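Visitor: This is the structure I want to talk about, given as structure tokens.
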Amino acid sequence: MVWCRALLCTWCSARAGSLGPRAPAVRFLAPRHVFTRPSHGTDSPGGFRPERVAVVTKTTRYEFEQQRFRNAGLSEQELKELLALKGSSYNGLLQRHNIHSENVEHIVESLRKEGIEVQVVKRRDYDEATVRWADAIISAGGDGTMLLAASKVLDRSKPVIGVNTDPERSEGHLCLPMHYTHSFPDALHKLYRGEFRWQWRQRIRLYLEGTGINFTPVDLHEQQLSLEQHSKAHNTGGHQEQTSVAASGPHLLPVRALNEVFIGESLSSRASYYEISVDDGPWEKQKSSGLNVCTGTGSKAWSYNINKMAPQTVKEILQIVKSHKNLNLTLDSDFIERVTNEYNDSLIFNPEEQKMFFSVREPIANRVFSSSWQCGFTSKVCVRSRCWDACMVVDGGTSFEFNDGAIVSITMNKDDALCTVLLDD
């Protein structure tokens with residue numbers, strides 16, 4: 001079995017894709033009131049003090065529910081009653097909303113006290129014009145808001161910094177350490193003094209071609225769509241003019257994936273049918289629950305949970321190996337945990353590495369379909385859709401129609417790297 005061999009090879013060899021030692025923080029010394037753009041390396045001179053900052057804020061669950069029921073003509077009291085019927089607490093949602101709002105206000109006040117011009121935008125109002133105006137983007141929310149903020153930034157010299165505005169309820173892997181949520185001026189002063197290093201997170205680019213192509217994406221961040229609504233949104237081009245065409249050549253989509261790209265049928269119970277080529281290798285017909293291609297940033301997220309192994313599984317595999325090979329192994333809990341952790345750690349790699357990791361979810365194997373490659377590191381993946389009602393979703397927030405005849409080439413380019421910061425703590 002592929003995963004069994006992978007486990008044993010991993011245990012017997014050096015750990016693949018390790019994070020490696022953290023690069024030392026580079027000190028930047030510059031006048032306090034000078035704005036210096038990041039250069040294309042980690043050794044740019046001077047501290048960083050932006051003159052104009054766009055703060056992109058998430059839509060809280062309270063705001064979402066309030067807007068939805070307000071559009072239906074319901075009062076605040078009726079909202080409370082309906083939430084109670086759904087098992088949700090109105091007061092709890094309001095409390096989390098207030099916590100988020102207070103932390104956003106703290107960020108904005110901290111910036112303005114330093115003489116920085118600030119523009120606060122809701123996720124739904126965040127656009128390319130906002131990105132062009134700003135010297136830096138701050139996402140105020142969680143990882144989802146950070147992904148959205150990054151999605152419209154194609155200039156690798158424009159930093160994107162995430163601040164977790166509800167660290168008690170949100171992990172915030174892509175955000176600054178949680179203690180800066182309540183002490184944001186400390187983070188600003190570290191930037192001014194150069195007590196940080198630039199981190200260039202590699203991203204995925206997509207070239208779309210074939211028949212029945214619709215280049216107009218559906219924004220999932222602000223839409224809670226049923227399957228029928230999702231299909232309708234694609235068919236109407238997100239309420240815009242239909243743009244389905246036959247593309248004569250590869251078309252570079254205007255989005256970059258910071259975490260991952262997922263391809264699969266919209267109806268999760270339906271198998272996804274496609275052809276795949278890895279690193280310009282032969283095409284292979286596959287049926288599965290979908291395909292995930294991630295970056296080093298995304299290797300800790302969905303991809304990790306698709307491929308990780310549980311201690312119970314590792315123990316059962318080693319018991320089988322032990323019985324067949326008459327190995328003198330003591331399968332105690334510490335040993336099982338070490339093997340499990342080493343395999344799972346091999347799935348994680350540095351966000352700055354220019355490589356991807358692909359995963360075929362639950363591949364179907366029979367006399368017609370095979371899956372010689374279920375997962376692995378790659379520099380290029382090509383997929384030809386044979387799907388019925390499928391989509392290609394970028395970072396869980398931007399969806400493109402991806403049905404029979406559509407072809408995508410999934411690659412990386414160093415010019416697409418996203419500029420973020422690692423503070424010197």
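Residues in the structure tokens are named by chain (A, B, ... in the order shown) and by number from 1 within that chain; ligands are numbered from 1 in the order shown.
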Determine, counting only C-alpha atoms, which protein, DNA and RNA residues have an atom within 9 Å of an atom of A:Lys308; residues of the same chain fewer than 5 positions away are not included. Present the result as a VMD selection string.
Guide: chain A and resid 303 340 343 to 345 347
Visitor: Return as a Markdown table the residues of stretch 122-192 of chain A lying at most 9 Å from stretch 258-261 of chain A, together with the closest atom-to-atom pair for each and the distance in Å to one decimal, counting only C-alpha atoms, with rows in chain order and ascending residue number.
Guide:
| residue | atom | partner | partner_atom | distance |
| --- | --- | --- | --- | --- |
| A:Leu147 | CA | A:Leu258 | CA | 6.8 |
| A:Ala150 | CA | A:Leu258 | CA | 7.5 |
| A:Ser151 | CA | A:Leu258 | CA | 7.6 |
Visitor: With a distance cut-off of 12 Å and only C-alpha atoms, select the neighbouring residues of A:Glu337, excluding the residue or stretch itself and same-chain residues fewer than 6 positions from it, and output the selection as a PyMOL selection string.
Guide: chain A and resi 11+309-315+331+343-345
Visitor: Print the selection's residues with C-alpha atoms to a file, as a PDB file, in the first residue's frame.
Guide:
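Everything below was put into part35.pdb:
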ATOM      1  CA  TRP A  11      10.821   6.271   9.366  1.00  0.00           C
ATOM      2  CA  MET A 309      -2.018   9.364  10.165  1.00  0.00           C
ATOM      3  CA  ALA A 310      -3.455   8.487  13.560  1.00  0.00           C
ATOM      4  CA  PRO A 311      -1.411   6.558  16.147  1.00  0.00           C
ATOM      5  CA  GLN A 312      -3.930   3.715  15.950  1.00  0.00           C
ATOM      6  CA  THR A 313      -3.323   3.327  12.196  1.00  0.00           C
ATOM      7  CA  VAL A 314       0.461   3.454  12.599  1.00  0.00           C
ATOM      8  CA  LYS A 315       0.334   0.820  15.323  1.00  0.00           C
ATOM      9  CA  LEU A 331       5.377  -1.237  19.967  1.00  0.00           C
ATOM     10  CA  TYR A 343       5.418  10.928   9.316  1.00  0.00           C
ATOM     11  CA  ASN A 344       2.955  13.742   9.978  1.00  0.00           C
ATOM     12  CA  ASP A 345       5.767  16.294  10.271  1.00  0.00           C
TER      13      ASP A 345
END
Visitor: Nearest to A:Glu63 among A:Ser170, A:Ser323, A:Thr330, A:Ser101, with distances taken over only C-alpha atoms: which residue is it?
Guide: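 Closest candidate: A:Ser101.
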Visitor: Distance table requested - stretch 243-333 of chain A against stretch 384-407 of chain A, cut-off 7 Å, only C-alpha atoms: one row per qualifying residue with the closest atom pair and its distance in Å to one decimal, ordered by chain and rising residue number, as JSON lines.
Guide:
{"residue": "A:Ala257", "atom": "CA", "partner": "A:Val394", "partner_atom": "CA", "distance": 5.6}
{"residue": "A:Leu258", "atom": "CA", "partner": "A:Asp395", "partner_atom": "CA", "distance": 6.7}
{"residue": "A:Asn259", "atom": "CA", "partner": "A:Asp395", "partner_atom": "CA", "distance": 5.6}
{"residue": "A:Glu260", "atom": "CA", "partner": "A:Asp395", "partner_atom": "CA", "distance": 5.4}
{"residue": "A:Val261", "atom": "CA", "partner": "A:Val394", "partner_atom": "CA", "distance": 4.8}
{"residue": "A:Phe262", "atom": "CA", "partner": "A:Val393", "partner_atom": "CA", "distance": 5.2}
{"residue": "A:Ile263", "atom": "CA", "partner": "A:Met392", "partner_atom": "CA", "distance": 4.5}
{"residue": "A:Gly264", "atom": "CA", "partner": "A:Ala390", "partner_atom": "CA", "distance": 5.3}
{"residue": "A:Glu265", "atom": "CA", "partner": "A:Ala390", "partner_atom": "CA", "distance": 3.9}
{"residue": "A:Ser266", "atom": "CA", "partner": "A:Ala390", "partner_atom": "CA", "distance": 5.1}
{"residue": "A:Ser272", "atom": "CA", "partner": "A:Cys387", "partner_atom": "CA", "distance": 5.9}
{"residue": "A:Tyr273", "atom": "CA", "partner": "A:Arg386", "partner_atom": "CA", "distance": 5.2}
{"residue": "A:Tyr274", "atom": "CA", "partner": "A:Ser385", "partner_atom": "CA", "distance": 4.6}
{"residue": "A:Glu275", "atom": "CA", "partner": "A:Arg384", "partner_atom": "CA", "distance": 5.1}
{"residue": "A:Ile276", "atom": "CA", "partner": "A:Arg384", "partner_atom": "CA", "distance": 6.5}
Visitor: With N, CA, C and O atoms retained, export the selected residues as a PDB file, in the first residue's frame.
Guide:
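File produced: out_27.pdb:
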ATOM      1  N   ALA A 257      -3.229  31.489  -5.048  1.00  0.00           N
ATOM      2  CA  ALA A 257      -3.609  30.673  -3.892  1.00  0.00           C
ATOM      3  C   ALA A 257      -2.501  30.703  -2.850  1.00  0.00           C
ATOM      4  O   ALA A 257      -1.374  30.283  -3.123  1.00  0.00           O
ATOM      5  N   LEU A 258      -2.814  31.195  -1.676  1.00  0.00           N
ATOM      6  CA  LEU A 258      -1.849  31.226  -0.582  1.00  0.00           C
ATOM      7  C   LEU A 258      -1.859  29.903   0.184  1.00  0.00           C
ATOM      8  O   LEU A 258      -0.820  29.428   0.649  1.00  0.00           O
ATOM      9  N   ASN A 259      -3.027  29.288   0.319  1.00  0.00           N
ATOM     10  CA  ASN A 259      -3.146  28.014   1.022  1.00  0.00           C
ATOM     11  C   ASN A 259      -3.203  26.829   0.070  1.00  0.00           C
ATOM     12  O   ASN A 259      -2.328  25.981   0.060  1.00  0.00           O
ATOM     13  N   GLU A 260      -4.295  26.774  -0.736  1.00  0.00           N
ATOM     14  CA  GLU A 260      -4.467  25.618  -1.586  1.00  0.00           C
ATOM     15  C   GLU A 260      -5.480  25.876  -2.687  1.00  0.00           C
ATOM     16  O   GLU A 260      -6.246  26.845  -2.647  1.00  0.00           O
ATOM     17  N   VAL A 261      -5.478  24.969  -3.649  1.00  0.00           N
ATOM     18  CA  VAL A 261      -6.485  24.905  -4.701  1.00  0.00           C
ATOM     19  C   VAL A 261      -7.170  23.553  -4.578  1.00  0.00           C
ATOM     20  O   VAL A 261      -6.494  22.520  -4.450  1.00  0.00           O
ATOM     21  N   PHE A 262      -8.494  23.548  -4.604  1.00  0.00           N
ATOM     22  CA  PHE A 262      -9.244  22.287  -4.536  1.00  0.00           C
ATOM     23  C   PHE A 262     -10.112  22.164  -5.770  1.00  0.00           C
ATOM     24  O   PHE A 262     -10.779  23.121  -6.178  1.00  0.00           O
ATOM     25  N   ILE A 263     -10.113  20.974  -6.358  1.00  0.00           N
ATOM     26  CA  ILE A 263     -10.934  20.687  -7.524  1.00  0.00           C
ATOM     27  C   ILE A 263     -11.827  19.499  -7.211  1.00  0.00           C
ATOM     28  O   ILE A 263     -11.348  18.455  -6.755  1.00  0.00           O
ATOM     29  N   GLY A 264     -13.134  19.653  -7.444  1.00  0.00           N
ATOM     30  CA  GLY A 264     -14.038  18.542  -7.191  1.00  0.00           C
ATOM     31  C   GLY A 264     -15.475  18.900  -7.499  1.00  0.00           C
ATOM     32  O   GLY A 264     -15.811  20.074  -7.716  1.00  0.00           O
ATOM     33  N   GLU A 265     -16.313  17.889  -7.531  1.00  0.00           N
ATOM     34  CA  GLU A 265     -17.743  18.084  -7.756  1.00  0.00           C
ATOM     35  C   GLU A 265     -18.349  18.911  -6.625  1.00  0.00           C
ATOM     36  O   GLU A 265     -17.969  18.767  -5.456  1.00  0.00           O
ATOM     37  N   SER A 266     -19.317  19.765  -6.980  1.00  0.00           N
ATOM     38  CA  SER A 266     -19.980  20.586  -5.964  1.00  0.00           C
ATOM     39  C   SER A 266     -20.779  19.722  -4.999  1.00  0.00           C
ATOM     40  O   SER A 266     -20.856  20.006  -3.805  1.00  0.00           O
ATOM     41  N   SER A 272     -15.654  12.688  -8.270  1.00  0.00           N
ATOM     42  CA  SER A 272     -15.073  13.621  -9.229  1.00  0.00           C
ATOM     43  C   SER A 272     -14.268  12.827 -10.260  1.00  0.00           C
ATOM     44  O   SER A 272     -13.394  12.033  -9.908  1.00  0.00           O
ATOM     45  N   TYR A 273     -14.557  13.059 -11.534  1.00  0.00           N
ATOM     46  CA  TYR A 273     -13.908  12.341 -12.628  1.00  0.00           C
ATOM     47  C   TYR A 273     -13.037  13.336 -13.389  1.00  0.00           C
ATOM     48  O   TYR A 273     -13.525  14.366 -13.856  1.00  0.00           O
ATOM     49  N   TYR A 274     -11.771  13.019 -13.543  1.00  0.00           N
ATOM     50  CA  TYR A 274     -10.835  13.926 -14.196  1.00  0.00           C
ATOM     51  C   TYR A 274      -9.615  13.140 -14.671  1.00  0.00           C
ATOM     52  O   TYR A 274      -9.448  11.951 -14.343  1.00  0.00           O
ATOM     53  N   GLU A 275      -8.775  13.811 -15.428  1.00  0.00           N
ATOM     54  CA  GLU A 275      -7.476  13.268 -15.825  1.00  0.00           C
ATOM     55  C   GLU A 275      -6.402  14.166 -15.226  1.00  0.00           C
ATOM     56  O   GLU A 275      -6.569  15.383 -15.158  1.00  0.00           O
ATOM     57  N   ILE A 276      -5.302  13.554 -14.817  1.00  0.00           N
ATOM     58  CA  ILE A 276      -4.267  14.318 -14.115  1.00  0.00           C
ATOM     59  C   ILE A 276      -2.888  13.968 -14.661  1.00  0.00           C
ATOM     60  O   ILE A 276      -2.610  12.814 -15.005  1.00  0.00           O
TER      61      ILE A 276
END
Visitor: Based on the backbone DSSP call, show me all residues of stretch 90-297 of chain A assigned strand (DSSP E), as a ChimeraX atom specification.
Guide: /A:117-122,136-141,160-164,196-201,204-214,218-219,244-252,260-265,272-278,284-288,291-294
Visitor: Atom CA of A:Asp280 and atom CA of A:Glu209, how far apart in Å?
Guide: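 According to the coordinates, atom CA of A:Glu209 and atom CA of A:Asp280 are separated by 16.4 Å.
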Visitor: Tell me, which residues of stretch 110-231 of chain A carry DSSP alpha helix (DSSP H), written as a PyMOL selection string?
Guide: chain A and resi 110-113+128-133+143-151+184-193+227-231
Visitor: Keeping only N, CA, C and O atoms, write those residues as a compact mmCIF listing (two decimals), in the first residue's frame.
Guide:
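Printed below is part10.txt as written:
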# COMPACT_ATOMS: atom_id res chain seq x y z
N SER A 110 -4.27 52.77 16.97
CA SER A 110 -2.81 52.66 17.08
C SER A 110 -2.14 53.20 15.82
O SER A 110 -1.11 53.89 15.90
N LEU A 111 -2.71 52.91 14.67
CA LEU A 111 -2.14 53.39 13.41
C LEU A 111 -2.28 54.91 13.30
O LEU A 111 -1.32 55.61 12.94
N ARG A 112 -3.45 55.43 13.63
CA ARG A 112 -3.68 56.87 13.49
C ARG A 112 -2.85 57.68 14.47
O ARG A 112 -2.44 58.81 14.17
N LYS A 113 -2.60 57.13 15.65
CA LYS A 113 -1.75 57.84 16.61
C LYS A 113 -0.33 58.00 16.09
O LYS A 113 0.40 58.91 16.51
N GLU A 128 -9.50 45.98 -5.79
CA GLU A 128 -8.17 46.30 -6.29
C GLU A 128 -7.82 47.77 -6.07
O GLU A 128 -6.64 48.12 -5.87
N ALA A 129 -8.82 48.66 -6.10
CA ALA A 129 -8.56 50.09 -5.88
C ALA A 129 -8.02 50.32 -4.47
O ALA A 129 -7.13 51.14 -4.26
N THR A 130 -8.57 49.60 -3.50
CA THR A 130 -8.09 49.71 -2.13
C THR A 130 -6.65 49.25 -2.02
O THR A 130 -5.82 49.87 -1.36
N VAL A 131 -6.33 48.16 -2.71
CA VAL A 131 -4.97 47.62 -2.68
C VAL A 131 -3.99 48.63 -3.28
O VAL A 131 -2.90 48.86 -2.74
N ARG A 132 -4.38 49.24 -4.40
CA ARG A 132 -3.49 50.21 -5.04
C ARG A 132 -3.24 51.42 -4.14
O ARG A 132 -2.14 51.99 -4.13
N TRP A 133 -4.26 51.83 -3.39
CA TRP A 133 -4.14 53.01 -2.53
C TRP A 133 -3.18 52.78 -1.36
O TRP A 133 -2.44 53.67 -0.96
N ASP A 143 -7.80 33.61 9.96
CA ASP A 143 -7.09 33.14 8.77
C ASP A 143 -7.89 33.36 7.50
O ASP A 143 -7.32 33.65 6.44
N GLY A 144 -9.22 33.22 7.57
CA GLY A 144 -10.06 33.44 6.40
C GLY A 144 -9.95 34.86 5.89
O GLY A 144 -9.88 35.10 4.68
N THR A 145 -9.92 35.82 6.80
CA THR A 145 -9.78 37.21 6.41
C THR A 145 -8.40 37.48 5.83
O THR A 145 -8.25 38.24 4.87
N MET A 146 -7.39 36.83 6.39
CA MET A 146 -6.03 36.97 5.87
C MET A 146 -5.95 36.43 4.44
O MET A 146 -5.33 37.04 3.56
N LEU A 147 -6.59 35.30 4.18
CA LEU A 147 -6.59 34.73 2.83
C LEU A 147 -7.29 35.66 1.85
O LEU A 147 -6.83 35.84 0.72
N LEU A 148 -8.39 36.23 2.27
CA LEU A 148 -9.10 37.17 1.40
C LEU A 148 -8.25 38.41 1.13
O LEU A 148 -8.13 38.86 0.00
N ALA A 149 -7.64 38.96 2.18
CA ALA A 149 -6.81 40.16 2.02
C ALA A 149 -5.66 39.89 1.05
O ALA A 149 -5.32 40.73 0.22
N ALA A 150 -5.07 38.71 1.14
CA ALA A 150 -3.94 38.37 0.29
C ALA A 150 -4.36 38.13 -1.15
O ALA A 150 -3.57 38.35 -2.08
N SER A 151 -5.60 37.68 -1.36
CA SER A 151 -6.03 37.24 -2.69
C SER A 151 -5.97 38.34 -3.74
O SER A 151 -5.81 38.06 -4.92
N PHE A 184 -1.03 46.10 19.86
CA PHE A 184 -0.62 46.31 18.48
C PHE A 184 0.47 47.38 18.33
O PHE A 184 1.33 47.26 17.43
N PRO A 185 0.52 48.42 19.17
CA PRO A 185 1.62 49.39 19.06
C PRO A 185 3.00 48.73 19.18
O PRO A 185 3.96 49.19 18.55
N ASP A 186 3.10 47.66 19.97
CA ASP A 186 4.38 46.97 20.09
C ASP A 186 4.81 46.39 18.74
O ASP A 186 6.00 46.43 18.38
N ALA A 187 3.85 45.86 17.99
CA ALA A 187 4.16 45.31 16.67
C ALA A 187 4.60 46.43 15.73
O ALA A 187 5.56 46.27 14.96
N LEU A 188 3.92 47.57 15.78
CA LEU A 188 4.29 48.71 14.93
C LEU A 188 5.72 49.17 15.20
O LEU A 188 6.50 49.42 14.28
N HIS A 189 6.06 49.26 16.48
CA HIS A 189 7.38 49.76 16.83
C HIS A 189 8.48 48.78 16.42
O HIS A 189 9.60 49.19 16.09
N LYS A 190 8.16 47.49 16.44
CA LYS A 190 9.13 46.50 15.94
C LYS A 190 9.36 46.70 14.44
O LYS A 190 10.48 46.56 13.94
N LEU A 191 8.30 47.03 13.73
CA LEU A 191 8.44 47.31 12.30
C LEU A 191 9.31 48.54 12.08
O LEU A 191 10.19 48.55 11.22
N TYR A 192 9.06 49.59 12.86
CA TYR A 192 9.83 50.83 12.71
C TYR A 192 11.32 50.58 12.97
O TYR A 192 12.19 51.11 12.27
N ARG A 193 11.60 49.77 14.01
CA ARG A 193 12.99 49.55 14.42
C ARG A 193 13.67 48.46 13.59
O ARG A 193 14.87 48.22 13.76
N LEU A 227 -26.24 24.19 -2.61
CA LEU A 227 -25.72 23.64 -3.86
C LEU A 227 -26.41 24.26 -5.05
O LEU A 227 -25.78 24.63 -6.04
N GLU A 228 -27.74 24.41 -4.98
CA GLU A 228 -28.50 24.99 -6.09
C GLU A 228 -28.08 26.44 -6.32
O GLU A 228 -27.89 26.87 -7.46
N GLN A 229 -27.91 27.21 -5.24
CA GLN A 229 -27.50 28.60 -5.37
C GLN A 229 -26.09 28.72 -5.93
O GLN A 229 -25.79 29.60 -6.72
N HIS A 230 -25.22 27.80 -5.50
CA HIS A 230 -23.84 27.81 -5.98
C HIS A 230 -23.79 27.56 -7.48
O HIS A 230 -23.10 28.26 -8.22
N SER A 231 -24.55 26.58 -7.95
CA SER A 231 -24.59 26.28 -9.38
C SER A 231 -25.18 27.44 -10.16
O SER A 231 -24.69 27.81 -11.23
Visitor: Between A:Pro159, A:Gly194, A:Pro363, A:Gly212, which is the closest to A:Asp424 once you count only C-alpha atoms?
Guide: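 Looking only at the distances to A:Asp424, the closest residue turns out to be A:Gly194.
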Visitor: Between A:Ser268, A:Thr216, A:Ser346, A:Thr165, single out the one closest to A:Val55, counting only C-alpha atoms.
Guide: A:Thr165
Visitor: Enumerate, in order of chain and increasing residue number, the residues of stretch 267-326 of chain A with an atom no farther than 12 Å from stretch 367-377 of chain A, each with its shortest atom pair and distance in Å to one decimal, counting only C-alpha atoms, as a tab-separated table.
Guide:
residue	atom	partner	partner_atom	distance
A:Ser272	CA	A:Phe369	CA	11.9
A:Tyr273	CA	A:Phe369	CA	9.6
A:Tyr274	CA	A:Phe369	CA	10.3
A:Glu275	CA	A:Phe369	CA	10.1
A:Ile276	CA	A:Trp373	CA	9.7
A:Ser277	CA	A:Trp373	CA	9.7
A:Val278	CA	A:Trp373	CA	8.4
A:Asp279	CA	A:Phe377	CA	9.7
A:Gly281	CA	A:Trp373	CA	10.9
A:Pro282	CA	A:Ser372	CA	11.0
A:Trp283	CA	A:Ser372	CA	11.0
A:Glu284	CA	A:Ser370	CA	7.5
A:Lys285	CA	A:Phe369	CA	5.9
A:Gln286	CA	A:Phe369	CA	5.5
A:Lys287	CA	A:Phe369	CA	6.7
A:Ser288	CA	A:Ser371	CA	9.2
A:Ser289	CA	A:Gln374	CA	11.9
A:Gly290	CA	A:Gln374	CA	11.2
A:Leu291	CA	A:Gln374	CA	9.5
A:Asn292	CA	A:Cys375	CA	9.3
A:Val293	CA	A:Cys375	CA	9.3
A:Cys294	CA	A:Phe377	CA	9.5
A:Thr295	CA	A:Phe377	CA	9.9
A:Gly296	CA	A:Phe377	CA	10.4
A:Ser299	CA	A:Phe377	CA	10.9
A:Ser303	CA	A:Cys375	CA	9.9
A:Tyr304	CA	A:Cys375	CA	11.3
A:Ile306	CA	A:Cys375	CA	10.1
A:Asn307	CA	A:Cys375	CA	8.3
A:Lys308	CA	A:Cys375	CA	11.6
Visitor: Quick one: pull the distance between atom CA of A:Val383 and atom CA of A:Pro250, Å, one decimal.
Guide: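 Atom CA of A:Pro250 lies 12.8 Å from atom CA of A:Val383.
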Visitor: Contacts of A:His182 at 9 Å or less, counting only C-alpha atoms, minus same-chain residues fewer than 6 places along, as an MDAnalysis selection string?
Guide: chainID A and resid 103 106:107 165
Visitor: Excluding A:Thr420 and residues on its chain fewer than 6 positions from it, collect all residues at most 6 Å away from it, counting only C-alpha atoms, and give them as a list in words.
Guide: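 That gives Pro159, Val160, Ile161, Trp198 and Gln199 of chain A.
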Visitor: Could you jot down the atom CA of A:Thr57 to atom CA of A:Gly172 separation for me, Å, one decimal place?
Guide: 14.1 Å
Visitor: Choose the residue, out of A:Val381, A:Arg169, A:Arg201, A:Asn164, that has the smallest atom-to-atom separation from A:Ser183; count only C-alpha atoms.
Guide: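 Of A:Val381, A:Arg169, A:Arg201, A:Asn164, the one nearest A:Ser183 is A:Asn164, counting only C-alpha atoms.
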